[in-house]
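What follows is one structure encoded as structure tokens, with my remarks underneath.
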Amino acid sequence: MRIVVLAGGIGGARFLRGLKRAVTDIDGTDITVIGNTGDDIHLFGLKVCPDLDTVMYTLGGGIDEERGWGRTDETFRVKEELAAYGAGPGWFGLGDRDFATHIVRTQMLAAGYPLSAVTEALCDRWQPGVRLLPMSDDRIETHVAITVPDGEEGAGERRAVHFQEFWVRLRAAVPAHAVVPVGADQAKPAPGVLEAIAAADVILFPPSNPVVSIGTILAVPGVREAIAEAGVPVVGLSPIVGGAPVRGMADKVLAAVGVESSAAAVAEHYGSGLLDGWLVDTADADAVDRVEQAGIRCRAVPLMMSDPDAAAEMARRALALAEEVRA
Ligand code: GDP
Ligand code: CA
């Protein structure tokens, strides 16, 4: 069975760890991950790909479990030294061990390798057990239109900032008016992306951010269409449980695109043109009818990835729903 998964960072990575566990007994299963690169940022002359790295480190056993991003046993000496020079930004966490990944990546990009080849090379070390493809080799950066908060230069004015500035520095605590994947309209899917979708037996949307993770991948021209036309079950899992994101501030970017923070609204946002099945948490069992009325098969199951076994059970339920809609 060929499984294609669209993934952001932590929600995608933890689900993928469960999925790998869930399919260990199924012979001939391979997993291709199409990773979000809209969160990528250039810092200190280095190209940083937070979502690709979160997937790679999580599946490769190098992730800091508690934080959910970055490396285990991390130190932040380089960051301290940079700060001592007044070299910012200080709000983005880059650990010493993590720096090595960004240095190798940047070196390879400068030597002319596309991001997809670089990612493959980095995965040679991490052996994530999936084929990890960036959504595109072209530069795409998500920007968020905000109102500049009080106490900052230009307070009250509208300005577009990089997604990481909105998310990490401002903690999504300022009004967001629009989310724009800058560069997406000119971008091409990375080699292998459309081919993997066309060859898939099932396509899964993990509980990743619907706007700035999965939404950005779907914004790469051709990807949404390829999924809609693949003719195989497409099943998603809600990142919203009980009306709020399980982690992070997805509600803020959902509001920016006019979608209410509920498991049902996110399913409707993807729509029946894309989704065949949708899992909501048992806390949202009353959303099942509304989702089914939108033409999407829906089940309520536990959706908290408290440990890899819980994530594996979610993956089994997603694959079971895929078989149900296929039948
Ligand atoms: P990011 O790039 O690190 O923000 O990661 P993703 O986009 O892959 O995932 C973020 C989303 O994962 C958030 O909207 C969370 O609500 C969701 N999430 C995190 N942990 C869980 C969980 O245990 N269960 C569910 N259902 N969603 C989760
Ligand atoms: Ca992300």
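Following the order of the structure tokens, first chain is A, next is B, and so on, with residues numbered from 1 inside each chain and ligands from 1 in the order they appear.
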- Item | Spatial neighbours of Leu275 of chain A, 8 Å, only C-alpha atoms, chain gap at least 6 places, as a ChimeraX atom specification | /A:233-236,267,296
Would you mind exporting C-alpha atoms of the selected residues as a PDB file, in the first residue's frame?
ATOM      1  CA  PRO A 233      -9.589   7.844  -0.483  1.00  0.00           C
ATOM      2  CA  VAL A 234      -8.452  11.095   1.136  1.00  0.00           C
ATOM      3  CA  VAL A 235      -8.863  11.048   4.909  1.00  0.00           C
ATOM      4  CA  GLY A 236      -8.026  13.778   7.413  1.00  0.00           C
ATOM      5  CA  ALA A 267     -13.647  19.636   7.394  1.00  0.00           C
ATOM      6  CA  ILE A 296     -17.663  13.732   4.031  1.00  0.00           C
TER       7      ILE A 296
END
Which residues of chain A have any atom within 7 Å of an atom in ligand 1 when counting only C-alpha atoms and all ligand atoms, and what is the closest pair of atoms for each, with the distance in Å to one decimal? Order the rows by chain and rising number and write it as a tab-separated table.
residue	atom	partner	partner_atom_place_in_ligand_line	distance
A:Ala7	CA	ligand 1	8 (O)	5.6
A:Gly8	CA	ligand 1	8 (O)	3.5
A:Gly9	CA	ligand 1	2 (O)	3.4
A:Ile10	CA	ligand 1	3 (O)	3.9
A:Gly11	CA	ligand 1	9 (O)	3.5
A:Gly12	CA	ligand 1	8 (O)	3.9
A:Ala13	CA	ligand 1	8 (O)	6.5
A:Asp51	CA	ligand 1	2 (O)	5.5
A:Pro207	CA	ligand 1	27 (N)	4.7
A:Ser208	CA	ligand 1	9 (O)	3.5
A:Asn209	CA	ligand 1	7 (O)	3.7
A:Val212	CA	ligand 1	7 (O)	6.9
A:Ser213	CA	ligand 1	7 (O)	4.8
A:Leu237	CA	ligand 1	26 (N)	6.6
A:Ser238	CA	ligand 1	26 (N)	5.2
A:Pro239	CA	ligand 1	27 (N)	3.7
A:Ile240	CA	ligand 1	16 (O)	5.4
A:Val241	CA	ligand 1	26 (N)	6.1
A:Pro245	CA	ligand 1	16 (O)	3.6
A:Val246	CA	ligand 1	16 (O)	3.7
A:Arg247	CA	ligand 1	15 (C)	4.3
A:Gly248	CA	ligand 1	13 (C)	5.6
A:Met249	CA	ligand 1	14 (O)	6.7
A:Ala250	CA	ligand 1	14 (O)	4.8
A:Asp281	CA	ligand 1	26 (N)	7.0
A:Leu303	CA	ligand 1	26 (N)	4.6
A:Met304	CA	ligand 1	23 (O)	3.8
A:Met305	CA	ligand 1	23 (O)	3.5
A:Ser306	CA	ligand 1	23 (O)	5.9
- Message: For the structure I just gave you, how does DSSP split segment 257-300 of chain A - specifically, which residues are strand (DSSP E)? Reply as a ChimeraX atom specification.
- Response: /A:277-280,297-300
Could you save the residues just selected, with N, CA and C atoms, as a CSV table (one decimal), in the first residue's frame?
chain,number,residue,atom,x,y,z
A,277,GLY,N,-13.1,11.4,3.9
A,277,GLY,CA,-13.3,11.0,5.3
A,277,GLY,C,-12.6,11.9,6.2
A,278,TRP,N,-13.2,12.0,7.4
A,278,TRP,CA,-12.7,13.0,8.5
A,278,TRP,C,-12.9,12.4,9.8
A,279,LEU,N,-11.8,12.4,10.6
A,279,LEU,CA,-12.0,11.9,12.0
A,279,LEU,C,-12.0,13.1,12.9
A,280,VAL,N,-13.0,13.1,13.8
A,280,VAL,CA,-13.0,14.1,14.9
A,280,VAL,C,-12.8,13.4,16.2
A,297,ARG,N,-17.5,11.5,4.9
A,297,ARG,CA,-17.8,10.4,5.9
A,297,ARG,C,-17.0,10.7,7.2
A,298,CYS,N,-17.7,10.6,8.3
A,298,CYS,CA,-17.1,11.1,9.5
A,298,CYS,C,-17.2,10.2,10.7
A,299,ARG,N,-16.2,10.0,11.5
A,299,ARG,CA,-16.2,9.2,12.7
A,299,ARG,C,-15.6,9.9,13.8
A,300,ALA,N,-16.1,9.6,15.1
A,300,ALA,CA,-15.5,10.2,16.3
A,300,ALA,C,-14.7,9.2,17.0
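Shell of Ala310 of chain A at 12 Å, with only C-alpha atoms counted and residues fewer than 4 places along the chain excluded, is Arg14, Phe15, Leu16, Arg17, Gly18, Leu19, Arg21, Ala22, Val301, Pro302, Leu303, Met304, Met305, Ser306, Met314, Ala315, Arg316 and Arg317 of chain A.
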Go ahead and save the picked residues with N, CA and C atoms, as a PDB file, in the first residue's frame.
ATOM      1  N   ARG A  14       4.228  13.733  14.701  1.00  0.00           N
ATOM      2  CA  ARG A  14       3.761  12.770  15.711  1.00  0.00           C
ATOM      3  C   ARG A  14       2.779  11.780  15.106  1.00  0.00           C
ATOM      4  N   PHE A  15       1.943  12.266  14.192  1.00  0.00           N
ATOM      5  CA  PHE A  15       1.027  11.341  13.513  1.00  0.00           C
ATOM      6  C   PHE A  15       1.811  10.337  12.678  1.00  0.00           C
ATOM      7  N   LEU A  16       2.830  10.818  11.981  1.00  0.00           N
ATOM      8  CA  LEU A  16       3.633   9.930  11.124  1.00  0.00           C
ATOM      9  C   LEU A  16       4.336   8.852  11.940  1.00  0.00           C
ATOM     10  N   ARG A  17       4.782   9.205  13.123  1.00  0.00           N
ATOM     11  CA  ARG A  17       5.416   8.200  13.977  1.00  0.00           C
ATOM     12  C   ARG A  17       4.398   7.101  14.310  1.00  0.00           C
ATOM     13  N   GLY A  18       3.151   7.521  14.560  1.00  0.00           N
ATOM     14  CA  GLY A  18       2.097   6.542  14.812  1.00  0.00           C
ATOM     15  C   GLY A  18       1.784   5.722  13.575  1.00  0.00           C
ATOM     16  N   LEU A  19       1.733   6.383  12.431  1.00  0.00           N
ATOM     17  CA  LEU A  19       1.415   5.686  11.179  1.00  0.00           C
ATOM     18  C   LEU A  19       2.464   4.615  10.882  1.00  0.00           C
ATOM     19  N   ARG A  21       4.247   2.996  12.966  1.00  0.00           N
ATOM     20  CA  ARG A  21       3.996   1.905  13.903  1.00  0.00           C
ATOM     21  C   ARG A  21       2.782   1.081  13.459  1.00  0.00           C
ATOM     22  N   ALA A  22       1.755   1.778  12.970  1.00  0.00           N
ATOM     23  CA  ALA A  22       0.510   1.097  12.594  1.00  0.00           C
ATOM     24  C   ALA A  22       0.687   0.191  11.378  1.00  0.00           C
ATOM     25  N   VAL A 301     -13.392   9.445  17.124  1.00  0.00           N
ATOM     26  CA  VAL A 301     -12.458   8.513  17.788  1.00  0.00           C
ATOM     27  C   VAL A 301     -11.493   9.362  18.645  1.00  0.00           C
ATOM     28  N   PRO A 302     -10.809   8.748  19.598  1.00  0.00           N
ATOM     29  CA  PRO A 302      -9.850   9.550  20.377  1.00  0.00           C
ATOM     30  C   PRO A 302      -8.747  10.101  19.475  1.00  0.00           C
ATOM     31  N   LEU A 303      -8.505  11.392  19.563  1.00  0.00           N
ATOM     32  CA  LEU A 303      -7.515  12.026  18.679  1.00  0.00           C
ATOM     33  C   LEU A 303      -6.397  12.734  19.436  1.00  0.00           C
ATOM     34  N   MET A 304      -6.125  12.300  20.664  1.00  0.00           N
ATOM     35  CA  MET A 304      -5.022  12.921  21.400  1.00  0.00           C
ATOM     36  C   MET A 304      -3.773  12.051  21.284  1.00  0.00           C
ATOM     37  N   MET A 305      -2.722  12.636  20.715  1.00  0.00           N
ATOM     38  CA  MET A 305      -1.476  11.876  20.512  1.00  0.00           C
ATOM     39  C   MET A 305      -0.623  11.932  21.785  1.00  0.00           C
ATOM     40  N   SER A 306      -1.161  11.380  22.853  1.00  0.00           N
ATOM     41  CA  SER A 306      -0.456  11.452  24.141  1.00  0.00           C
ATOM     42  C   SER A 306       0.827  10.630  24.123  1.00  0.00           C
ATOM     43  N   MET A 314      -4.743   6.152  16.121  1.00  0.00           N
ATOM     44  CA  MET A 314      -5.391   7.150  15.256  1.00  0.00           C
ATOM     45  C   MET A 314      -5.126   6.827  13.787  1.00  0.00           C
ATOM     46  N   ALA A 315      -3.888   6.422  13.501  1.00  0.00           N
ATOM     47  CA  ALA A 315      -3.530   6.092  12.117  1.00  0.00           C
ATOM     48  C   ALA A 315      -4.339   4.878  11.649  1.00  0.00           C
ATOM     49  N   ARG A 316      -4.485   3.874  12.532  1.00  0.00           N
ATOM     50  CA  ARG A 316      -5.300   2.695  12.155  1.00  0.00           C
ATOM     51  C   ARG A 316      -6.732   3.113  11.846  1.00  0.00           C
ATOM     52  N   ARG A 317      -7.274   4.004  12.659  1.00  0.00           N
ATOM     53  CA  ARG A 317      -8.657   4.446  12.444  1.00  0.00           C
ATOM     54  C   ARG A 317      -8.765   5.221  11.125  1.00  0.00           C
TER      55      ARG A 317
END
- Item | Contacts of segment 25-34 of chain A within 6 Å, only C-alpha atoms, excl. fewer than 5 positions in-chain, as a VMD selection string | chain A and resid 1 to 6 130 to 135
Could you write out that same residue set with N, CA and C atoms as a PDB file, in the first residue's frame?
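For reference, part27.pdb as written:
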ATOM      1  N   MET A   1       0.841  -1.192   0.000  1.00  0.00           N
ATOM      2  CA  MET A   1       0.000   0.000   0.000  1.00  0.00           C
ATOM      3  C   MET A   1       0.881   1.250   0.000  1.00  0.00           C
ATOM      4  N   ARG A   2       0.579   2.160  -0.895  1.00  0.00           N
ATOM      5  CA  ARG A   2       1.336   3.409  -0.963  1.00  0.00           C
ATOM      6  C   ARG A   2       0.528   4.527  -0.297  1.00  0.00           C
ATOM      7  N   ILE A   3       1.091   5.063   0.756  1.00  0.00           N
ATOM      8  CA  ILE A   3       0.410   6.094   1.534  1.00  0.00           C
ATOM      9  C   ILE A   3       1.127   7.432   1.333  1.00  0.00           C
ATOM     10  N   VAL A   4       0.359   8.449   0.998  1.00  0.00           N
ATOM     11  CA  VAL A   4       0.916   9.802   0.883  1.00  0.00           C
ATOM     12  C   VAL A   4       0.337  10.652   2.013  1.00  0.00           C
ATOM     13  N   VAL A   5       1.206  11.353   2.720  1.00  0.00           N
ATOM     14  CA  VAL A   5       0.781  12.171   3.848  1.00  0.00           C
ATOM     15  C   VAL A   5       1.286  13.598   3.646  1.00  0.00           C
ATOM     16  N   LEU A   6       0.397  14.575   3.774  1.00  0.00           N
ATOM     17  CA  LEU A   6       0.799  15.983   3.737  1.00  0.00           C
ATOM     18  C   LEU A   6       1.108  16.387   5.174  1.00  0.00           C
ATOM     19  N   VAL A 130      10.520   7.036   5.978  1.00  0.00           N
ATOM     20  CA  VAL A 130       9.532   7.498   5.000  1.00  0.00           C
ATOM     21  C   VAL A 130      10.321   8.242   3.931  1.00  0.00           C
ATOM     22  N   ARG A 131       9.685   8.449   2.779  1.00  0.00           N
ATOM     23  CA  ARG A 131      10.300   9.297   1.765  1.00  0.00           C
ATOM     24  C   ARG A 131       9.817  10.712   2.036  1.00  0.00           C
ATOM     25  N   LEU A 132      10.749  11.578   2.414  1.00  0.00           N
ATOM     26  CA  LEU A 132      10.369  12.948   2.777  1.00  0.00           C
ATOM     27  C   LEU A 132      10.675  13.902   1.627  1.00  0.00           C
ATOM     28  N   LEU A 133       9.621  14.475   1.055  1.00  0.00           N
ATOM     29  CA  LEU A 133       9.763  15.417  -0.058  1.00  0.00           C
ATOM     30  C   LEU A 133       9.313  16.799   0.383  1.00  0.00           C
ATOM     31  N   PRO A 134      10.107  17.830   0.118  1.00  0.00           N
ATOM     32  CA  PRO A 134       9.555  19.174   0.318  1.00  0.00           C
ATOM     33  C   PRO A 134       8.451  19.388  -0.710  1.00  0.00           C
ATOM     34  N   MET A 135       7.454  20.189  -0.376  1.00  0.00           N
ATOM     35  CA  MET A 135       6.342  20.405  -1.324  1.00  0.00           C
ATOM     36  C   MET A 135       6.849  21.023  -2.632  1.00  0.00           C
TER      37      MET A 135
END
- Message: Residues near segment 74-80 of chain A, anyone? I mean within 7 Å using only C-alpha atoms, not counting same-chain ones fewer than 5 positions away, as a PyMOL selection string.
- Response: chain A and resi 94-97
